[in-house]
>>> print(open('start_35.pdb').read())   # PDB, C-alpha atoms, pLDDT in the B column
ATOM      1  CA  MET A   1      76.664 123.770 137.434  1.00 65.00           C
ATOM      2  CA  GLU A   2      74.208 121.454 139.177  1.00 87.00           C
ATOM      3  CA  LEU A   3      71.899 123.513 141.404  1.00 91.00           C
ATOM      4  CA  THR A   4      70.385 122.412 144.688  1.00 92.00           C
ATOM      5  CA  ALA A   5      66.742 123.202 145.441  1.00 91.00           C
ATOM      6  CA  PRO A   6      67.661 126.108 147.787  1.00 94.00           C
ATOM      7  CA  GLN A   7      70.037 127.556 145.156  1.00 95.00           C
ATOM      8  CA  THR A   8      67.321 127.321 142.503  1.00 93.00           C
ATOM      9  CA  HIS A   9      64.755 128.959 144.759  1.00 93.00           C
ATOM     10  CA  ALA A  10      67.234 131.676 145.750  1.00 95.00           C
ATOM     11  CA  LEU A  11      67.818 132.535 142.081  1.00 95.00           C
ATOM     12  CA  LEU A  12      64.064 132.651 141.465  1.00 93.00           C
ATOM     13  CA  TRP A  13      63.405 134.888 144.502  1.00 94.00           C
ATOM     14  CA  LEU A  14      66.269 137.261 143.678  1.00 96.00           C
ATOM     15  CA  GLY A  15      65.103 137.468 140.080  1.00 93.00           C
ATOM     16  CA  GLN A  16      61.589 138.291 141.199  1.00 91.00           C
ATOM     17  CA  GLU A  17      62.345 140.721 144.011  1.00 92.00           C
ATOM     18  CA  GLY A  18      65.727 142.169 143.143  1.00 90.00           C
ATOM     19  CA  ALA A  19      68.275 142.607 145.920  1.00 93.00           C
ATOM     20  CA  LEU A  20      67.388 140.986 149.248  1.00 95.00           C
ATOM     21  CA  THR A  21      69.190 140.975 152.567  1.00 94.00           C
ATOM     22  CA  MET A  22      70.485 137.642 153.763  1.00 94.00           C
ATOM     23  CA  GLY A  23      67.703 137.591 156.377  1.00 93.00           C
ATOM     24  CA  GLU A  24      65.009 138.335 153.801  1.00 95.00           C
ATOM     25  CA  LEU A  25      66.314 135.623 151.498  1.00 96.00           C
ATOM     26  CA  ALA A  26      66.492 133.124 154.377  1.00 95.00           C
ATOM     27  CA  GLN A  27      62.881 133.926 155.259  1.00 94.00           C
ATOM     28  CA  ARG A  28      61.717 133.467 151.649  1.00 93.00           C
ATOM     29  CA  LEU A  29      63.521 130.125 151.458  1.00 94.00           C
ATOM     30  CA  GLY A  30      62.341 128.967 154.890  1.00 92.00           C
ATOM     31  CA  ILE A  31      65.887 128.339 156.123  1.00 94.00           C
ATOM     32  CA  THR A  32      68.173 129.904 158.726  1.00 94.00           C
ATOM     33  CA  GLU A  33      70.517 132.800 157.973  1.00 91.00           C
ATOM     34  CA  LYS A  34      73.455 130.475 158.672  1.00 94.00           C
ATOM     35  CA  THR A  35      72.207 128.053 156.009  1.00 95.00           C
ATOM     36  CA  VAL A  36      71.456 130.803 153.488  1.00 96.00           C
ATOM     37  CA  THR A  37      75.056 131.988 153.832  1.00 95.00           C
ATOM     38  CA  GLY A  38      76.260 128.669 152.379  1.00 95.00           C
ATOM     39  CA  VAL A  39      73.687 128.839 149.588  1.00 96.00           C
ATOM     40  CA  VAL A  40      74.799 132.359 148.645  1.00 97.00           C
ATOM     41  CA  ASP A  41      78.496 131.423 148.983  1.00 96.00           C
ATOM     42  CA  ARG A  42      78.089 128.707 146.336  1.00 96.00           C
ATOM     43  CA  LEU A  43      76.040 130.943 144.030  1.00 97.00           C
ATOM     44  CA  GLU A  44      78.610 133.719 144.405  1.00 97.00           C
ATOM     45  CA  ARG A  45      81.524 131.366 143.620  1.00 96.00           C
ATOM     46  CA  SER A  46      79.710 130.263 140.460  1.00 96.00           C
ATOM     47  CA  GLY A  47      79.237 133.913 139.425  1.00 97.00           C
ATOM     48  CA  HIS A  48      75.433 133.977 139.675  1.00 97.00           C
ATOM     49  CA  VAL A  49      75.043 136.399 142.606  1.00 97.00           C
ATOM     50  CA  HIS A  50      77.095 139.032 144.324  1.00 96.00           C
ATOM     51  CA  ARG A  51      76.896 140.581 147.754  1.00 96.00           C
ATOM     52  CA  GLU A  52      76.823 144.297 148.382  1.00 94.00           C
ATOM     53  CA  ARG A  53      77.022 146.184 151.662  1.00 92.00           C
ATOM     54  CA  ASN A  54      74.495 148.854 152.547  1.00 87.00           C
ATOM     55  CA  PRO A  55      76.428 152.153 152.544  1.00 88.00           C
ATOM     56  CA  ASP A  56      74.296 153.441 155.449  1.00 90.00           C
ATOM     57  CA  ASP A  57      74.717 150.318 157.590  1.00 90.00           C
ATOM     58  CA  ARG A  58      77.753 148.217 156.703  1.00 88.00           C
ATOM     59  CA  ARG A  59      76.390 145.300 158.764  1.00 89.00           C
ATOM     60  CA  VAL A  60      73.576 144.817 156.230  1.00 90.00           C
ATOM     61  CA  ILE A  61      74.501 142.688 153.223  1.00 91.00           C
ATOM     62  CA  ARG A  62      72.229 142.422 150.217  1.00 94.00           C
ATOM     63  CA  CYS A  63      72.402 139.765 147.507  1.00 96.00           C
ATOM     64  CA  ARG A  64      71.735 140.550 143.871  1.00 96.00           C
ATOM     65  CA  LEU A  65      71.788 138.500 140.673  1.00 97.00           C
ATOM     66  CA  THR A  66      74.671 139.047 138.286  1.00 97.00           C
ATOM     67  CA  ALA A  67      74.080 139.073 134.515  1.00 96.00           C
ATOM     68  CA  SER A  68      74.950 135.361 134.519  1.00 96.00           C
ATOM     69  CA  GLY A  69      72.475 134.744 137.348  1.00 96.00           C
ATOM     70  CA  ALA A  70      69.747 136.645 135.502  1.00 95.00           C
ATOM     71  CA  ARG A  71      70.314 134.503 132.388  1.00 95.00           C
ATOM     72  CA  LEU A  72      70.159 131.330 134.458  1.00 95.00           C
ATOM     73  CA  ARG A  73      67.006 132.552 136.188  1.00 93.00           C
ATOM     74  CA  ARG A  74      65.312 133.080 132.806  1.00 92.00           C
ATOM     75  CA  LYS A  75      66.227 129.499 131.832  1.00 91.00           C
ATOM     76  CA  LEU A  76      64.811 128.231 135.131  1.00 89.00           C
ATOM     77  CA  ASP A  77      61.581 130.171 134.550  1.00 84.00           C
ATOM     78  CA  ALA A  78      61.220 128.645 131.085  1.00 84.00           C
ATOM     79  CA  SER A  79      61.855 125.169 132.489  1.00 83.00           C
ATOM     80  CA  VAL A  80      59.272 125.633 135.253  1.00 78.00           C
ATOM     81  CA  THR A  81      56.723 126.944 132.750  1.00 78.00           C
ATOM     82  CA  GLN A  82      57.311 123.993 130.439  1.00 81.00           C
ATOM     83  CA  GLY A  83      57.069 121.540 133.333  1.00 78.00           C
ATOM     84  CA  MET A  84      53.847 123.130 134.548  1.00 81.00           C
ATOM     85  CA  GLY A  85      52.385 122.879 131.052  1.00 82.00           C
ATOM     86  CA  GLN A  86      53.175 119.173 130.938  1.00 84.00           C
ATOM     87  CA  PHE A  87      51.612 118.715 134.370  1.00 81.00           C
ATOM     88  CA  LEU A  88      48.439 120.599 133.420  1.00 85.00           C
ATOM     89  CA  GLU A  89      47.992 118.525 130.246  1.00 87.00           C
ATOM     90  CA  HIS A  90      46.682 115.739 132.471  1.00 89.00           C
ATOM     91  CA  LEU A  91      43.795 117.863 133.770  1.00 89.00           C
ATOM     92  CA  ASP A  92      40.599 118.567 131.897  1.00 90.00           C
ATOM     93  CA  THR A  93      39.282 122.129 131.599  1.00 89.00           C
ATOM     94  CA  THR A  94      37.053 121.859 134.669  1.00 92.00           C
ATOM     95  CA  ASP A  95      39.884 120.585 136.868  1.00 90.00           C
ATOM     96  CA  ARG A  96      42.271 123.251 135.560  1.00 87.00           C
ATOM     97  CA  ARG A  97      39.781 126.007 136.381  1.00 90.00           C
ATOM     98  CA  ALA A  98      39.289 124.566 139.873  1.00 91.00           C
ATOM     99  CA  LEU A  99      43.051 124.438 140.414  1.00 87.00           C
ATOM    100  CA  PHE A 100      43.500 128.041 139.272  1.00 85.00           C
ATOM    101  CA  ARG A 101      40.639 129.197 141.541  1.00 89.00           C
ATOM    102  CA  ILE A 102      42.318 127.542 144.519  1.00 89.00           C
ATOM    103  CA  LEU A 103      45.707 129.029 143.634  1.00 81.00           C
ATOM    104  CA  GLU A 104      44.176 132.503 143.258  1.00 84.00           C
ATOM    105  CA  LYS A 105      42.594 132.178 146.725  1.00 86.00           C
ATOM    106  CA  LEU A 106      45.919 131.142 148.220  1.00 83.00           C
ATOM    107  CA  ILE A 107      47.716 134.051 146.587  1.00 76.00           C
ATOM    108  CA  ALA A 108      44.994 136.516 147.596  1.00 82.00           C
ATOM    109  CA  SER A 109      45.090 135.327 151.210  1.00 81.00           C
ATOM    110  CA  ASP A 110      48.629 136.713 151.494  1.00 65.00           C
ATOM    111  CA  THR A 111      49.446 134.205 154.198  1.00 54.00           C
ATOM    112  CA  PRO A 112      52.568 134.974 156.206  1.00 52.00           C
ATOM    113  CA  LYS A 113      55.702 133.198 155.134  1.00 56.00           C
ATOM    114  CA  THR A 114      56.899 130.369 157.337  1.00 53.00           C
ATOM    115  CA  GLY A 115      60.039 130.628 159.391  1.00 53.00           C
ATOM    116  CA  PRO A 116      63.145 128.486 159.152  1.00 53.00           C
ATOM    117  CA  ARG A 117      62.624 124.741 158.764  1.00 52.00           C
ATOM    118  CA  ASP A 118      65.999 123.611 160.009  1.00 48.00           C
TER     119      ASP A 118
END
>>> encode(input="start_35.pdb", output="C-alpha cells")
Amino acid sequence: MELTAPQTHALLWLGQEGALTMGELAQRLGITEKTVTGVVDRLERSGHVHRERNPDDRRVIRCRLTASGARLRRKLDASVTQGMGQFLEHLDTTDRRALFRILEKLIASDTPKTGPRD
C-alpha cells in the first residue's frame, strides 16, 4: 500500500499516543475532522487502524492501530531514523550539536499545535 503523507503521520501519531479521537487526530495532523475521516477510512480499509466507540458517549469515536498498523508504524520509524542519519551525515559535530540544541528548545517550549490548514 502506498501511503500519503497524512496517512503516514496518522500512523506515527497513533503509534506514539495510542487511541485518539477523530478530533484529536485531526488537530495533530493540522487538518479538518472531515479530512481526517477520509484518511482514517483508507487506513481502516487497508487494515491498519480500527475505530471504536466510547461506551460512555457513543458519539465519540477513537482510532487505534491494529497489529498490522503497529508493524507498519515500526517500519516507518526505522525508515525515518535511517533517513535522519543520512541527513545528519552532512553536518559536522558542531553543526549537529547546534541543531540538537535548537530542537530541544523547540520541544521544551511546548508550543500549541496549529489548527487545520485546509
>>> atom_distance(input="start_35.pdb", atom1="CA of Arg73 in chain A", atom2="CA of Glu17 in chain A")
12.2 Å
>>> closest_residue(input="start_35.pdb", among="A:Lys34, A:Thr21, A:Glu44, A:Ala10", to="Asp57 in chain A", atoms="only C-alpha atoms")
A:Thr21
>>> closest_residue(input="start_35.pdb", among="A:Leu20, A:Leu29, A:Val36, A:Ala78", to="Ile61 in chain A", atoms="all atoms listed in the file")
A:Leu20
>>> residues_around(input="start_35.pdb", residues="Ala67 in chain A", least_positions_apart="6", cutoff="9 Å", atoms="all atoms listed in the file", output="PyMOL selection string")
chain A and resi 47-49
>>> closest_residue(input="start_35.pdb", among="A:Glu89, A:Met22, A:Ser109, A:Asp56", to="Thr35 in chain A", atoms="all atoms listed in the file")
A:Met22
>>> residues_around(input="start_35.pdb", residues="Gly38 in chain A", least_positions_apart="6", cutoff="12 Å", atoms="only C-alpha atoms", output="PyMOL selection string")
chain A and resi 4+6-7+10+22+26+31-32+44-45
>>> atom_distance(input="start_35.pdb", atom1="CA of Asn54 in chain A", atom2="CA of Arg42 in chain A")
21.4 Å
>>> closest_residue(input="start_35.pdb", among="A:Lys75, A:Arg64, A:Arg58, A:Arg97", to="Thr8 in chain A", atoms="only C-alpha atoms")
A:Lys75
>>> closest_residue(input="start_35.pdb", among="A:Cys63, A:Val39, A:Ala70, A:Leu99", to="Glu24 in chain A", atoms="only C-alpha atoms")
A:Cys63
>>> atom_distance(input="start_35.pdb", atom1="CA of Thr66 in chain A", atom2="CA of Leu11 in chain A")
10.2 Å
>>> residues_near_point(input="start_35.pdb", point="(66.1, 138.1, 138.9)", cutoff="6 Å", atoms="all atoms listed in the file", output="number ranges by chain")
A: 14-16, 18, 65, 70
>>> write_last_selection(input="start_35.pdb", atoms="C-alpha atoms", output="short mmCIF file (atom, residue, chain, number, x, y, z; two decimals), in the coordinates of the input")
data_model
loop_
_atom_site.label_atom_id
_atom_site.label_comp_id
_atom_site.auth_asym_id
_atom_site.auth_seq_id
_atom_site.Cartn_x
_atom_site.Cartn_y
_atom_site.Cartn_z
CA LEU A 14 66.27 137.26 143.68
CA GLY A 15 65.10 137.47 140.08
CA GLN A 16 61.59 138.29 141.20
CA GLY A 18 65.73 142.17 143.14
CA LEU A 65 71.79 138.50 140.67
CA ALA A 70 69.75 136.65 135.50
#
>>> closest_residue(input="start_35.pdb", among="A:Leu76, A:Glu2, A:Phe100, A:Arg71", to="Leu88 in chain A", atoms="all atoms listed in the file")
A:Phe100
